[in-house]
>>> print(open('target.cif').read())   # mmCIF, C-alpha atoms (C1' of nucleotides)
data_target
loop_
_atom_site.group_PDB
_atom_site.id
_atom_site.type_symbol
_atom_site.label_atom_id
_atom_site.label_comp_id
_atom_site.auth_asym_id
_atom_site.auth_seq_id
_atom_site.Cartn_x
_atom_site.Cartn_y
_atom_site.Cartn_z
ATOM 1 C CA MET A 279 89.304 161.787 163.450
ATOM 2 C CA ARG A 280 92.791 160.561 164.348
ATOM 3 C CA PRO A 281 95.020 158.800 161.818
ATOM 4 C CA LEU A 282 95.753 155.189 162.637
ATOM 5 C CA SER A 283 98.990 154.951 164.640
ATOM 6 C CA HIS A 284 101.956 154.140 162.419
ATOM 7 C CA SER A 285 102.868 151.321 164.820
ATOM 8 C CA TYR A 286 99.962 149.275 163.422
ATOM 9 C CA PHE A 287 101.770 148.949 160.105
ATOM 10 C CA GLU A 288 104.832 147.399 161.753
ATOM 11 C CA LEU A 289 102.787 144.220 162.236
ATOM 12 C CA PRO A 290 102.883 141.212 159.908
ATOM 13 C CA ALA A 291 99.866 141.023 157.606
ATOM 14 C CA ALA A 292 98.178 138.123 159.384
ATOM 15 C CA ASP A 293 98.253 140.126 162.628
ATOM 16 C CA LEU A 294 97.261 143.455 161.119
ATOM 17 C CA ALA A 295 94.437 142.183 158.888
ATOM 18 C CA PRO A 296 91.984 141.397 161.741
ATOM 19 C CA LYS A 297 92.946 144.602 163.564
ATOM 20 C CA LEU A 298 91.914 146.695 160.569
ATOM 21 C CA LEU A 299 88.317 145.492 160.881
ATOM 22 C CA GLY A 300 86.253 148.335 162.322
ATOM 23 C CA LYS A 301 88.815 150.977 161.349
ATOM 24 C CA ILE A 302 87.934 153.883 159.045
ATOM 25 C CA VAL A 303 89.231 154.227 155.489
ATOM 26 C CA ARG A 304 88.874 157.597 153.829
ATOM 27 C CA LYS A 305 89.656 159.036 150.435
ATOM 28 C CA GLY A 306 88.476 162.565 149.713
ATOM 29 C CA ALA A 307 84.792 162.858 150.554
ATOM 30 C CA CYS A 308 84.303 159.092 150.840
ATOM 31 C CA ALA A 309 84.676 157.187 154.092
ATOM 32 C CA GLY A 310 83.666 153.806 155.450
ATOM 33 C CA ILE A 311 84.237 151.093 158.041
ATOM 34 C CA ILE A 312 86.457 148.204 157.003
ATOM 35 C CA VAL A 313 84.490 144.940 157.346
ATOM 36 C CA GLU A 314 86.621 142.439 155.384
ATOM 37 C CA THR A 315 90.376 141.999 154.844
ATOM 38 C CA GLU A 316 92.888 139.429 153.648
ATOM 39 C CA ALA A 317 96.554 138.992 154.548
ATOM 40 C CA TYR A 318 99.260 138.488 151.931
ATOM 41 C CA ALA A 319 102.857 137.770 152.899
ATOM 42 C CA THR A 320 105.470 135.824 150.899
ATOM 43 C CA ASP A 321 103.148 132.864 150.344
ATOM 44 C CA ALA A 322 102.576 131.543 146.832
ATOM 45 C CA ALA A 323 99.341 133.518 146.370
ATOM 46 C CA SER A 324 101.016 136.836 147.136
ATOM 47 C CA HIS A 325 102.500 139.315 144.714
ATOM 48 C CA ALA A 326 105.459 139.287 147.108
ATOM 49 C CA PHE A 327 106.136 135.596 146.432
ATOM 50 C CA ARG A 328 108.532 136.985 143.848
ATOM 51 C CA ILE A 329 109.268 140.679 144.091
ATOM 52 C CA THR A 330 108.888 142.559 140.812
ATOM 53 C CA PRO A 331 108.874 146.301 140.072
ATOM 54 C CA ARG A 332 105.119 146.274 140.631
ATOM 55 C CA SER A 333 105.263 144.660 144.054
ATOM 56 C CA ALA A 334 108.511 146.218 145.317
ATOM 57 C CA VAL A 335 106.501 148.623 147.469
ATOM 58 C CA MET A 336 105.489 145.621 149.594
ATOM 59 C CA ARG A 337 109.128 144.944 150.358
ATOM 60 C CA ASP A 338 110.288 148.530 150.679
ATOM 61 C CA THR A 339 107.539 150.119 152.787
ATOM 62 C CA TYR A 340 105.018 149.665 155.553
ATOM 63 C CA GLY A 341 102.025 151.971 155.927
ATOM 64 C CA TYR A 342 101.849 152.695 152.191
ATOM 65 C CA TRP A 343 99.234 152.001 149.523
ATOM 66 C CA TYR A 344 99.843 149.163 147.090
ATOM 67 C CA VAL A 345 97.174 149.342 144.368
ATOM 68 C CA TYR A 346 97.291 146.950 141.440
ATOM 69 C CA PHE A 347 95.291 146.468 138.245
ATOM 70 C CA THR A 348 93.827 143.073 137.409
ATOM 71 C CA TYR A 349 91.502 141.244 135.022
ATOM 72 C CA GLY A 350 91.817 144.094 132.552
ATOM 73 C CA ILE A 351 89.226 146.114 134.448
ATOM 74 C CA HIS A 352 89.706 146.273 138.189
ATOM 75 C CA TRP A 353 91.864 148.001 140.786
ATOM 76 C CA CYS A 354 92.480 146.421 144.190
ATOM 77 C CA ALA A 355 93.854 148.330 147.175
ATOM 78 C CA ASN A 356 96.280 147.015 149.800
ATOM 79 C CA VAL A 357 98.014 148.522 152.808
ATOM 80 C CA THR A 358 101.661 147.510 153.051
ATOM 81 C CA CYS A 359 102.869 146.405 156.463
ATOM 82 C CA ASP A 360 105.456 144.422 158.464
ATOM 83 C CA LYS A 361 108.490 146.441 159.540
ATOM 84 C CA TYR A 362 110.798 143.467 159.088
ATOM 85 C CA GLY A 363 109.060 141.504 156.331
ATOM 86 C CA THR A 364 107.234 141.789 153.022
ATOM 87 C CA CYS A 365 103.484 141.951 153.549
ATOM 88 C CA ALA A 366 100.239 143.701 152.677
ATOM 89 C CA VAL A 367 96.606 143.625 153.736
ATOM 90 C CA LEU A 368 93.980 143.620 150.986
ATOM 91 C CA ILE A 369 90.890 145.669 151.820
ATOM 92 C CA ARG A 370 88.074 143.477 150.539
ATOM 93 C CA ALA A 371 84.924 145.194 151.780
ATOM 94 C CA VAL A 372 83.807 148.385 153.489
ATOM 95 C CA GLU A 373 80.575 149.660 155.040
ATOM 96 C CA PRO A 374 79.897 153.040 153.398
ATOM 97 C CA ILE A 375 79.585 155.969 155.827
ATOM 98 C CA GLU A 376 80.262 159.219 153.980
ATOM 99 C CA GLY A 377 80.144 160.193 150.319
ATOM 100 C CA ILE A 378 77.496 157.602 149.514
ATOM 101 C CA PRO A 379 76.008 159.579 146.572
ATOM 102 C CA ILE A 380 79.488 159.749 145.019
ATOM 103 C CA MET A 381 79.940 156.014 145.498
ATOM 104 C CA LYS A 382 76.571 155.291 143.906
ATOM 105 C CA ARG A 383 77.498 157.371 140.888
ATOM 106 C CA ARG A 384 80.918 155.745 140.481
ATOM 107 C CA ARG A 385 79.503 152.243 140.919
ATOM 108 C CA GLY A 386 76.414 152.713 138.815
ATOM 109 C CA THR A 387 74.080 151.236 141.414
ATOM 110 C CA ASP A 388 71.868 152.463 144.231
ATOM 111 C CA VAL A 389 72.145 149.230 146.218
ATOM 112 C CA ILE A 390 74.157 150.206 149.285
ATOM 113 C CA GLU A 391 75.208 146.630 150.061
ATOM 114 C CA ASN A 392 76.838 146.419 146.626
ATOM 115 C CA LEU A 393 78.854 149.641 146.739
ATOM 116 C CA CYS A 394 81.969 148.314 148.484
ATOM 117 C CA SER A 395 81.368 144.551 148.952
ATOM 118 C CA GLY A 396 84.465 143.314 147.122
ATOM 119 C CA PRO A 397 88.005 144.601 146.618
ATOM 120 C CA ALA A 398 87.407 146.038 143.150
ATOM 121 C CA ARG A 399 84.013 147.433 144.134
ATOM 122 C CA PHE A 400 85.588 149.217 147.095
ATOM 123 C CA ALA A 401 88.372 150.696 144.968
ATOM 124 C CA GLN A 402 85.905 151.861 142.335
ATOM 125 C CA ALA A 403 83.511 153.380 144.873
ATOM 126 C CA PHE A 404 86.333 155.281 146.585
ATOM 127 C CA GLY A 405 88.072 156.264 143.358
ATOM 128 C CA ILE A 406 91.283 154.471 144.347
ATOM 129 C CA THR A 407 93.546 153.683 141.373
ATOM 130 C CA GLY A 408 97.171 153.155 140.470
ATOM 131 C CA ALA A 409 97.692 156.866 141.041
ATOM 132 C CA ASP A 410 97.402 156.109 144.776
ATOM 133 C CA SER A 411 99.903 153.240 144.726
ATOM 134 C CA GLY A 412 103.238 153.883 146.388
ATOM 135 C CA LYS A 413 101.903 156.715 148.533
ATOM 136 C CA PRO A 414 102.000 156.734 152.344
ATOM 137 C CA MET A 415 98.867 156.668 154.480
ATOM 138 C CA GLY A 416 97.468 160.139 155.068
ATOM 139 C CA GLY A 417 96.830 163.194 153.013
ATOM 140 C CA ASN A 418 93.971 162.605 150.643
ATOM 141 C CA CYS A 419 93.781 158.858 151.341
ATOM 142 C CA GLY A 420 94.398 156.983 154.553
ATOM 143 C CA LEU A 421 93.232 154.969 157.567
ATOM 144 C CA TYR A 422 91.768 156.379 160.773
ATOM 145 C CA ASP A 423 91.285 155.073 164.274
ATOM 146 C CA ALA A 424 88.046 153.544 165.541
ATOM 147 C CA PRO A 425 87.097 150.964 168.161
ATOM 148 C CA GLU A 426 88.217 147.401 167.489
ATOM 149 C CA ILE A 427 85.792 144.696 166.474
ATOM 150 C CA LEU A 428 85.399 142.190 169.316
ATOM 151 C CA PRO A 429 87.234 138.931 168.582
ATOM 152 C CA GLU A 430 83.987 136.942 168.866
ATOM 153 C CA HIS A 431 82.590 138.994 165.998
ATOM 154 C CA VAL A 432 85.557 138.303 163.706
ATOM 155 C CA VAL A 433 85.145 135.354 161.341
ATOM 156 C CA ILE A 434 88.383 133.716 160.158
ATOM 157 C CA SER A 435 88.336 131.787 156.883
ATOM 158 C CA LYS A 436 90.337 130.921 153.779
ATOM 159 C CA ARG A 437 91.215 133.558 151.213
ATOM 160 C CA ILE A 438 89.017 133.946 148.150
ATOM 161 C CA GLY A 439 89.801 133.997 144.454
ATOM 162 C CA ILE A 440 93.272 132.479 144.587
ATOM 163 C CA THR A 441 94.623 129.152 143.336
ATOM 164 C CA LYS A 442 97.777 128.733 145.453
ATOM 165 C CA ASP A 443 98.169 128.354 149.226
ATOM 166 C CA THR A 444 94.396 128.330 149.534
ATOM 167 C CA HIS A 445 94.561 126.606 152.926
ATOM 168 C CA LEU A 446 95.873 129.619 154.860
ATOM 169 C CA PRO A 447 93.209 131.105 157.215
ATOM 170 C CA TRP A 448 93.991 134.667 156.255
ATOM 171 C CA ARG A 449 90.594 136.121 155.423
ATOM 172 C CA PHE A 450 88.851 138.096 158.154
ATOM 173 C CA HIS A 451 85.388 139.597 158.150
ATOM 174 C CA VAL A 452 82.812 141.017 160.535
ATOM 175 C CA ARG A 453 80.237 138.370 161.389
ATOM 176 C CA ASP A 454 76.842 138.953 159.764
ATOM 177 C CA SER A 455 77.910 142.196 158.089
ATOM 178 C CA PRO A 456 75.694 142.799 155.039
ATOM 179 C CA PHE A 457 78.584 144.790 153.557
ATOM 180 C CA ALA A 458 81.112 141.935 153.324
ATOM 181 C CA SER A 459 81.629 140.103 150.023
ATOM 182 C CA ARG A 460 80.228 136.660 149.324
ATOM 183 C "C1'" DC B 37 68.695 130.000 143.833
ATOM 184 C "C1'" DC B 38 73.349 128.273 141.117
ATOM 185 C "C1'" DA B 39 76.724 127.916 137.315
ATOM 186 C "C1'" DT B 40 79.113 129.634 133.619
ATOM 187 C "C1'" DA B 41 81.112 132.884 130.253
ATOM 188 C "C1'" DG B 42 82.906 137.144 128.798
ATOM 189 C "C1'" DA B 43 84.985 141.460 129.575
ATOM 190 C "C1'" DT B 44 89.556 143.570 128.941
ATOM 191 C "C1'" DG B 45 94.615 144.980 129.572
ATOM 192 C "C1'" DC B 46 98.596 144.670 131.907
ATOM 193 C "C1'" DA B 47 102.614 142.385 134.377
ATOM 194 C "C1'" DC B 48 105.385 138.886 134.076
ATOM 195 C "C1'" DT B 49 107.709 134.633 131.979
ATOM 196 C "C1'" DG C 152 101.793 133.925 125.211
ATOM 197 C "C1'" DT C 153 99.768 133.101 129.907
ATOM 198 C "C1'" DG C 154 97.342 134.170 133.809
ATOM 199 C "C1'" DC C 155 95.211 136.833 136.783
ATOM 200 C "C1'" DA C 156 94.134 138.715 145.068
ATOM 201 C "C1'" DT C 157 87.194 140.386 139.960
ATOM 202 C "C1'" DC C 158 82.659 141.652 138.513
ATOM 203 C "C1'" DT C 159 78.479 141.397 135.869
ATOM 204 C "C1'" DA C 160 75.136 139.506 132.778
ATOM 205 C "C1'" DT C 161 72.800 135.736 131.415
ATOM 206 C "C1'" DG C 162 70.524 131.303 131.305
ATOM 207 C "C1'" DG C 163 68.703 127.342 133.634
ATOM 208 C "C1'" DA C 164 66.475 124.860 137.747
#
>>> encode(input="target.cif", output="structure tokens")
Amino acid sequence: MRPLSHSYFELPAADLAPKLLGKIVRKGACAGIIVETEAYATDAASHAFRITPRSAVMRDTYGYWYVYFTYGIHWCANVTCDKYGTCAVLIRAVEPIEGIPIMKRRRGTDVIENLCSGPARFAQAFGITGADSGKPMGGNCGLYDAPEILPEHVVISKRIGITKDTHLPWRFHVRDSPFASR
DNA sequence: CCATAGATGCACT
DNA sequence: GTGCATCTATGGA
């Protein structure tokens, strides 16, 4: 399994987000196919709207993990990108492929469709936390190459769970995937 | 099926 | 002190 070419991460988030659909994400014994992403740039909904110590990795890197804690409970995992800008792609849902028993144990459910169908569910199932933030792709945790999803199978819609700049069509998911969020 | 409330803690203002 | 790039349980139709 070949690591995703570093040139992918040079792209702005809105270009990279649909290209990550169909690619493999792996951490340790867990692996899956990315089926839903969102792009965040310097729009008002993004943590990069104003750079803080937490979000500085979005400005300073591309091809790194940016993992943040929210709602007192959840971790959400992004891939930083854009060689010349400040961007990240949020991984919102994944189709589980390997390490499914581990995911079931971490998530506390046997329902496969619920293991990784949401950004915090995915992070919990894969064991991704703040300890992974600020690290480059590769090693224990990274993205791997796989065939692209055909454009006619990519659904473009508005981002979910935000209150600002809700009009931007920056959510991408695989049509009819039972593993996407709802 | 849908809608709402509560959890829970940290970053940021 | 405010507000989350969320999830789950619960209650009603």
>>> atom_distance(input="target.cif", atom1="CA of Gly405 (chain A)", atom2="CA of Gly350 (chain A)")
16.7 Å
>>> residues_around(input="target.cif", residues="Gly306 (chain A)", least_positions_apart="6", cutoff="12 Å", atoms="all atoms listed in the file", output="list in words")
Glu376, Gly377, Ile380, Met381, Ala403, Phe404, Gly405, Ile406, Gly416, Gly417, Asn418, Cys419, Gly420 and Leu421 of chain A
>>> residues_around(input="target.cif", residues="DC46 (chain B)", least_positions_apart="5", cutoff="9 Å", atoms="only C-alpha atoms (C1' of nucleotides)", output="PyMOL selection string")
chain A and resi 347-350
>>> axis_aligned_box(input="target.cif", around="region 152-163 of chain C", padding_each_side="3 Å", output="lines of an AutoDock Vina configuration file")
center_x = 85.2
center_y = 134.5
center_z = 135.1
size_x = 39.1
size_y = 20.3
size_z = 25.9
>>> atom_distance(input="target.cif", atom1="CA of Gly396 (chain A)", atom2="CA of Ala309 (chain A)")
15.5 Å
>>> atom_distance(input="target.cif", atom1="CA of Pro374 (chain A)", atom2="CA of Trp353 (chain A)")
18.1 Å
>>> interface_residues(input="target.cif", of="chain C", to="chain A", cutoff="12 Å", atoms="all atoms listed in the file", output="list of chain:residue names")
C:DG154, C:DC155, C:DA156, C:DT157, C:DC158, C:DT159
>>> residues_around(input="target.cif", residues="Pro429 (chain A)", least_positions_apart="4", cutoff="10 Å", atoms="all atoms listed in the file", output="JSON, numbers by chain")
{"A": [296, 297, 433, 434, 452]}
>>> closest_residue(input="target.cif", among="A:Val432, A:Ala291, A:Ile311, A:Ala409", to="Cys359 (chain A)", atoms="all atoms listed in the file")
A:Ala291
>>> interface_residues(input="target.cif", of="chain B", to="chain A", cutoff="12 Å", atoms="only C-alpha atoms (C1' of nucleotides)", output="VMD selection string")
chain B and resid 42 to 49
>>> resolve_selection(input="target.cif", expression="the PyMOL selection byres ((chain B and resi 37) around 12)", output="list in words")
DC38 and DA39 of chain B; DG163 and DA164 of chain C
>>> residues_around(input="target.cif", residues="Phe327 (chain A)", least_positions_apart="6", cutoff="12 Å", atoms="all atoms listed in the file", output="list in words")
Tyr318, Ala319, Thr320, Asp321, Ser333, Ala334, Met336, Arg337, Gly363, Thr364, Cys365, Ala366, Lys442 and Asp443 of chain A
>>> closest_residue(input="target.cif", among="A:Thr358, A:Ser459, A:Tyr344, A:Ile302", to="Asp423 (chain A)", atoms="all atoms listed in the file")
A:Ile302
>>> closest_residue(input="target.cif", among="A:Asp360, A:Glu391, A:Asp454, A:Glu430", to="Glu288 (chain A)", atoms="all atoms listed in the file")
A:Asp360
>>> closest_residue(input="target.cif", among="A:Leu393, A:Ile312, A:Val345, A:Val357", to="Val372 (chain A)", atoms="all atoms listed in the file")
A:Ile312
>>> residues_around(input="target.cif", residues="Ile390 (chain A)", least_positions_apart="5", cutoff="10 Å", atoms="only C-alpha atoms (C1' of nucleotides)", output="PyMOL selection string")
chain A and resi 373-374+378-379+381-382+395+456-457
